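Note sheet for the following structure.
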Amino acid sequence: MINAVGLTKYYGQNCAVKDLTFNAKKGEILGFLGPNGAGKTTTMRILTGFMPPSSGTVTIGGFDVIDQSLEVRRMVGYLPESVPLYQDMRVYDYLKFMGQLRKLDDLDAHVEKVLEEVDMLERADSYISKLSKGMRQRVGLAQALIHEPEVLILDEPTIGLDPAQIIEVRKLIKQIGKEKTIMLSTHILSEAQQICDRVLIINRGELVAEDSPENLQQKILGKRKVTVQLAGDPQKALPYLQKIEEISSATINEKGMLVLESSGEVDIRPRVIATLTNAQQDILEIYSESLNLEDIFLELTKEESLPVSQEEDLGEAELDAVVEKEGDSNE
Amino acid sequence: MSNIWTIAVKEYKSLFHSAIAYVIGVVVFLSLGIYFWVLLSYGIQTQSYVPEMQILLDWIIFPLFFISVPVLTMRTISDENRTGTLELILTAPVRDWELVVGKWLGTYLFFLSILALTWIYPLMLNFIVDPGIDQSMLIALYTGICLLTAAITAVGVLVSSLFKNPVPSLLASLGMMILLWIIGAPGNYTSGFTSELFKYLSITGHYYGSFYVGVIDLKDVIYFVSLTILALFLGSRVIEARRWK
């Protein structure tokens, strides 16, 4: 449904999106993850025809976003990040206006249906300026849904909502995503994990990883790390632990704690405890750190503040390095 | 066409939600009313003077140029830009020029509504003076004012498309109005082609030279219509250029 090839966008000298290639199938919910300034919004603006790419092509439903922009725009529903709305309009009139621009027949029925979907029927006559942030978000979503688009592009759709509303919106997105193609950006990873069929992680305009949330987690989490604090000297315990097959490395960190790494999915903690108990080592504390997407993500965000000279491409290899570094900092 | 109309109607309605529109209405009618009364009083006092419509209607033109148009057009597109609704409209199936023309039309219709209400003064004058006022003069004056308003509103919308905030937009369009007002003046002190050019560019020249004296000249109609189209065309191009930035 969405097909982007070699998407590149420069703002002057600044490269916002670099050689981005991805696609989304019909009925797929595609998550777009990345820190602020990663190029998510720029990419979405290109997809919706708001701005053209510097190079590369995008087709949506077979239509080119530049050459057949109007066809694409008819097919796409879009919720921009800032949820722009006309403050001086009433909710109902606003949706009607947007519906008119989309040449909908039976406008009132469409407006009422979409208001019901986002649960805003009782506020239909309120001025938008009087609505809370969460309600505005829902009005924005209603606007994106009013023409029952084939493709829905949502830039941070759950931002500013309270937890109950977030659950509602996610449910709504999942519901719509059964038949339509949805692309949503977020920096809440659990959100992507919950609702997306596939996730793209981008950083500084480049694709860092692309997979289903489960696979991605597997790939990135690969390693498990167990940290143990002993009452006695950890040096003495090392030889016993090295006998455990699943442990790929056992080291002692600067706090005098044992750091055990294992590959694979087996939880090594029961064996570690059994081994240490047999060796008469008293365990004060033992915990497992699992690196999740959140850690990777935080690390990527941190990288953002580096000076320009240090900003290098972050590929798969670096991602592993990031995983390592994250582990270190947690110790 | 229907997109233009949809946007124009929305714009027209939204003007009634803003206090500025009412303030402008009050200013126009109050100044017109006071001046009308002054003219009438002068006429009664001297017994030999008949209030002239063109002088009264100057009190529509001055505020239009230097208050109403800059103030009401300043936010037409700059506000869409500032609040981000531009992104919304331009990702809906709306062409850039449809937005610009729609915005212009909505604002223009608002001015036409105000102008329509000012007919009350010539109507009153018609009852007072004998044998009534010169109808053809009145038609020429209003035709001129409507065309003039169309053109300067389009210029205001064009200026608004260049800015993201209404205040710089207001100042810039005020500047444009002053320029359009005085640009004909150098024509009086130059000769040949330069003189002709300045005189042709002058927006006031095209009004005061013909409509003001009761003449509807096709040449002037074409001038105002072309200026309107040119400004709207440039406004659309500005929005298009914004996409490529």
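Letters for chains follow the order of the structure tokens (A, B, ...), residue numbers begin at 1 for each chain, and ligand numbers begin at 1 in the order shown.
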
Mind running chain B against chain A at 12 Å and telling me each contacting residue's nearest atom pair with the distance in Å (one decimal), counting only C-alpha atoms, chain and number ascending, as JSON lines?
{"residue": "B:Met1", "atom": "CA", "partner": "A:Leu101", "partner_atom": "CA", "distance": 10.9}
{"residue": "B:Ser2", "atom": "CA", "partner": "A:Leu101", "partner_atom": "CA", "distance": 8.1}
{"residue": "B:Asn3", "atom": "CA", "partner": "A:Leu101", "partner_atom": "CA", "distance": 5.8}
{"residue": "B:Ile4", "atom": "CA", "partner": "A:Leu101", "partner_atom": "CA", "distance": 9.1}
{"residue": "B:Trp5", "atom": "CA", "partner": "A:Leu101", "partner_atom": "CA", "distance": 9.8}
{"residue": "B:Thr6", "atom": "CA", "partner": "A:Gln100", "partner_atom": "CA", "distance": 6.9}
{"residue": "B:Ile7", "atom": "CA", "partner": "A:Phe97", "partner_atom": "CA", "distance": 8.1}
{"residue": "B:Ala8", "atom": "CA", "partner": "A:Phe97", "partner_atom": "CA", "distance": 11.0}
{"residue": "B:Val9", "atom": "CA", "partner": "A:Phe97", "partner_atom": "CA", "distance": 9.6}
{"residue": "B:Lys10", "atom": "CA", "partner": "A:Phe97", "partner_atom": "CA", "distance": 7.5}
{"residue": "B:Glu11", "atom": "CA", "partner": "A:Met89", "partner_atom": "CA", "distance": 10.6}
{"residue": "B:Lys13", "atom": "CA", "partner": "A:Met89", "partner_atom": "CA", "distance": 9.3}
{"residue": "B:Ser14", "atom": "CA", "partner": "A:Asp88", "partner_atom": "CA", "distance": 6.9}
{"residue": "B:Leu15", "atom": "CA", "partner": "A:Asp88", "partner_atom": "CA", "distance": 9.6}
{"residue": "B:Phe16", "atom": "CA", "partner": "A:Asp88", "partner_atom": "CA", "distance": 10.0}
{"residue": "B:His17", "atom": "CA", "partner": "A:Asp88", "partner_atom": "CA", "distance": 6.8}
{"residue": "B:Ser18", "atom": "CA", "partner": "A:Asp88", "partner_atom": "CA", "distance": 8.4}
{"residue": "B:Ala19", "atom": "CA", "partner": "A:Asp88", "partner_atom": "CA", "distance": 11.7}
{"residue": "B:Asp79", "atom": "CA", "partner": "A:Tyr86", "partner_atom": "CA", "distance": 10.0}
{"residue": "B:Glu80", "atom": "CA", "partner": "A:Tyr86", "partner_atom": "CA", "distance": 8.7}
{"residue": "B:Asn81", "atom": "CA", "partner": "A:Pro84", "partner_atom": "CA", "distance": 10.0}
{"residue": "B:Arg82", "atom": "CA", "partner": "A:Pro84", "partner_atom": "CA", "distance": 9.6}
{"residue": "B:Thr83", "atom": "CA", "partner": "A:Pro84", "partner_atom": "CA", "distance": 6.1}
{"residue": "B:Gly84", "atom": "CA", "partner": "A:Pro84", "partner_atom": "CA", "distance": 5.2}
{"residue": "B:Thr85", "atom": "CA", "partner": "A:Pro84", "partner_atom": "CA", "distance": 5.0}
{"residue": "B:Leu86", "atom": "CA", "partner": "A:Pro84", "partner_atom": "CA", "distance": 8.5}
{"residue": "B:Glu87", "atom": "CA", "partner": "A:Phe50", "partner_atom": "CA", "distance": 6.5}
{"residue": "B:Leu88", "atom": "CA", "partner": "A:Pro84", "partner_atom": "CA", "distance": 7.1}
{"residue": "B:Ile89", "atom": "CA", "partner": "A:Met98", "partner_atom": "CA", "distance": 8.2}
{"residue": "B:Leu90", "atom": "CA", "partner": "A:Phe50", "partner_atom": "CA", "distance": 6.2}
{"residue": "B:Thr91", "atom": "CA", "partner": "A:Phe50", "partner_atom": "CA", "distance": 5.6}
{"residue": "B:Ala92", "atom": "CA", "partner": "A:Arg73", "partner_atom": "CA", "distance": 5.5}
{"residue": "B:Pro93", "atom": "CA", "partner": "A:Leu70", "partner_atom": "CA", "distance": 5.1}
{"residue": "B:Val94", "atom": "CA", "partner": "A:Leu101", "partner_atom": "CA", "distance": 7.0}
{"residue": "B:Arg95", "atom": "CA", "partner": "A:Leu70", "partner_atom": "CA", "distance": 8.0}
{"residue": "B:Asp96", "atom": "CA", "partner": "A:Phe50", "partner_atom": "CA", "distance": 10.7}
{"residue": "B:Glu98", "atom": "CA", "partner": "A:Leu101", "partner_atom": "CA", "distance": 10.7}
{"residue": "B:Leu99", "atom": "CA", "partner": "A:Leu101", "partner_atom": "CA", "distance": 10.6}
{"residue": "B:Gly102", "atom": "CA", "partner": "A:Leu101", "partner_atom": "CA", "distance": 11.7}
{"residue": "B:Ile239", "atom": "CA", "partner": "A:Phe50", "partner_atom": "CA", "distance": 10.8}
{"residue": "B:Glu240", "atom": "CA", "partner": "A:Met51", "partner_atom": "CA", "distance": 9.2}
{"residue": "B:Ala241", "atom": "CA", "partner": "A:Met51", "partner_atom": "CA", "distance": 9.8}
{"residue": "B:Arg242", "atom": "CA", "partner": "A:Met51", "partner_atom": "CA", "distance": 8.5}
{"residue": "B:Arg243", "atom": "CA", "partner": "A:Met51", "partner_atom": "CA", "distance": 4.8}
{"residue": "B:Trp244", "atom": "CA", "partner": "A:Met51", "partner_atom": "CA", "distance": 6.3}
{"residue": "B:Lys245", "atom": "CA", "partner": "A:Tyr11", "partner_atom": "CA", "distance": 6.7}

Could you take the residues named above and write them with C-alpha atoms, as a compact mmCIF listing (two decimals), in the first residue's frame?
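Ended up saving to out19.txt:
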# COMPACT_ATOMS: atom_id res chain seq x y z
CA MET B 1 -14.69 25.63 -7.34
CA SER B 2 -16.36 23.91 -4.44
CA ASN B 3 -13.16 23.78 -2.38
CA ILE B 4 -12.78 27.51 -2.86
CA TRP B 5 -16.34 28.10 -1.78
CA THR B 6 -15.99 25.79 1.25
CA ILE B 7 -12.89 27.66 2.39
CA ALA B 8 -14.41 31.06 1.63
CA VAL B 9 -17.54 30.31 3.65
CA LYS B 10 -15.48 29.07 6.57
CA GLU B 11 -13.31 32.17 6.41
CA LYS B 13 -17.95 32.84 9.19
CA SER B 14 -14.78 32.86 11.23
CA LEU B 15 -14.46 36.63 10.75
CA PHE B 16 -17.68 37.01 12.70
CA HIS B 17 -16.06 35.09 15.55
CA SER B 18 -13.26 37.60 15.85
CA ALA B 19 -13.66 40.88 17.66
CA ASP B 79 -2.29 32.10 11.00
CA GLU B 80 -2.78 28.81 9.17
CA ASN B 81 0.95 28.65 8.96
CA ARG B 82 1.50 29.47 12.61
CA THR B 83 -1.07 27.08 14.03
CA GLY B 84 -0.19 24.30 11.61
CA THR B 85 -3.64 24.08 10.04
CA LEU B 86 -1.94 24.78 6.72
CA GLU B 87 -0.55 21.26 6.95
CA LEU B 88 -4.06 19.99 7.48
CA ILE B 89 -5.54 21.80 4.50
CA LEU B 90 -2.67 21.03 2.17
CA THR B 91 -2.75 17.33 2.96
CA ALA B 92 -6.45 17.27 2.21
CA PRO B 93 -7.26 17.16 -1.50
CA VAL B 94 -7.04 20.95 -1.86
CA ARG B 95 -4.82 22.69 -4.37
CA ASP B 96 -2.59 25.50 -3.16
CA GLU B 98 -7.75 26.94 -4.07
CA LEU B 99 -6.72 27.74 -0.53
CA GLY B 102 -10.78 30.73 -0.92
CA ILE B 239 2.73 28.46 -0.62
CA GLU B 240 4.06 26.09 -3.23
CA ALA B 241 7.60 27.36 -2.64
CA ARG B 242 7.14 26.79 1.09
CA ARG B 243 6.68 23.08 0.43
CA TRP B 244 10.00 22.86 -1.35
CA LYS B 245 11.97 24.63 1.34

Hey, what's within 12 Å of segment 41-44 of chain A if we count only C-alpha atoms and toss same-chain stuff fewer than 6 positions away? As number ranges by chain, please? A: 2, 4-11, 15-22, 31-35, 50-54, 56-58, 65, 76-82, 151-156, 182-186, 202, 204-207; B: 87, 91, 243

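Within the 12 Å cut-off around Leu234 of chain B, using only C-alpha atoms and omitting residues fewer than 6 positions from it on the same chain, the listed residues are Asp96, Trp97, Val100, Val101, Ala154, Val155, Gly156, Val157, Leu158, Val159, Ser160, Ser161, Leu162, Ser226, Leu227, Thr228, Glu240 and Ala241 of chain B.
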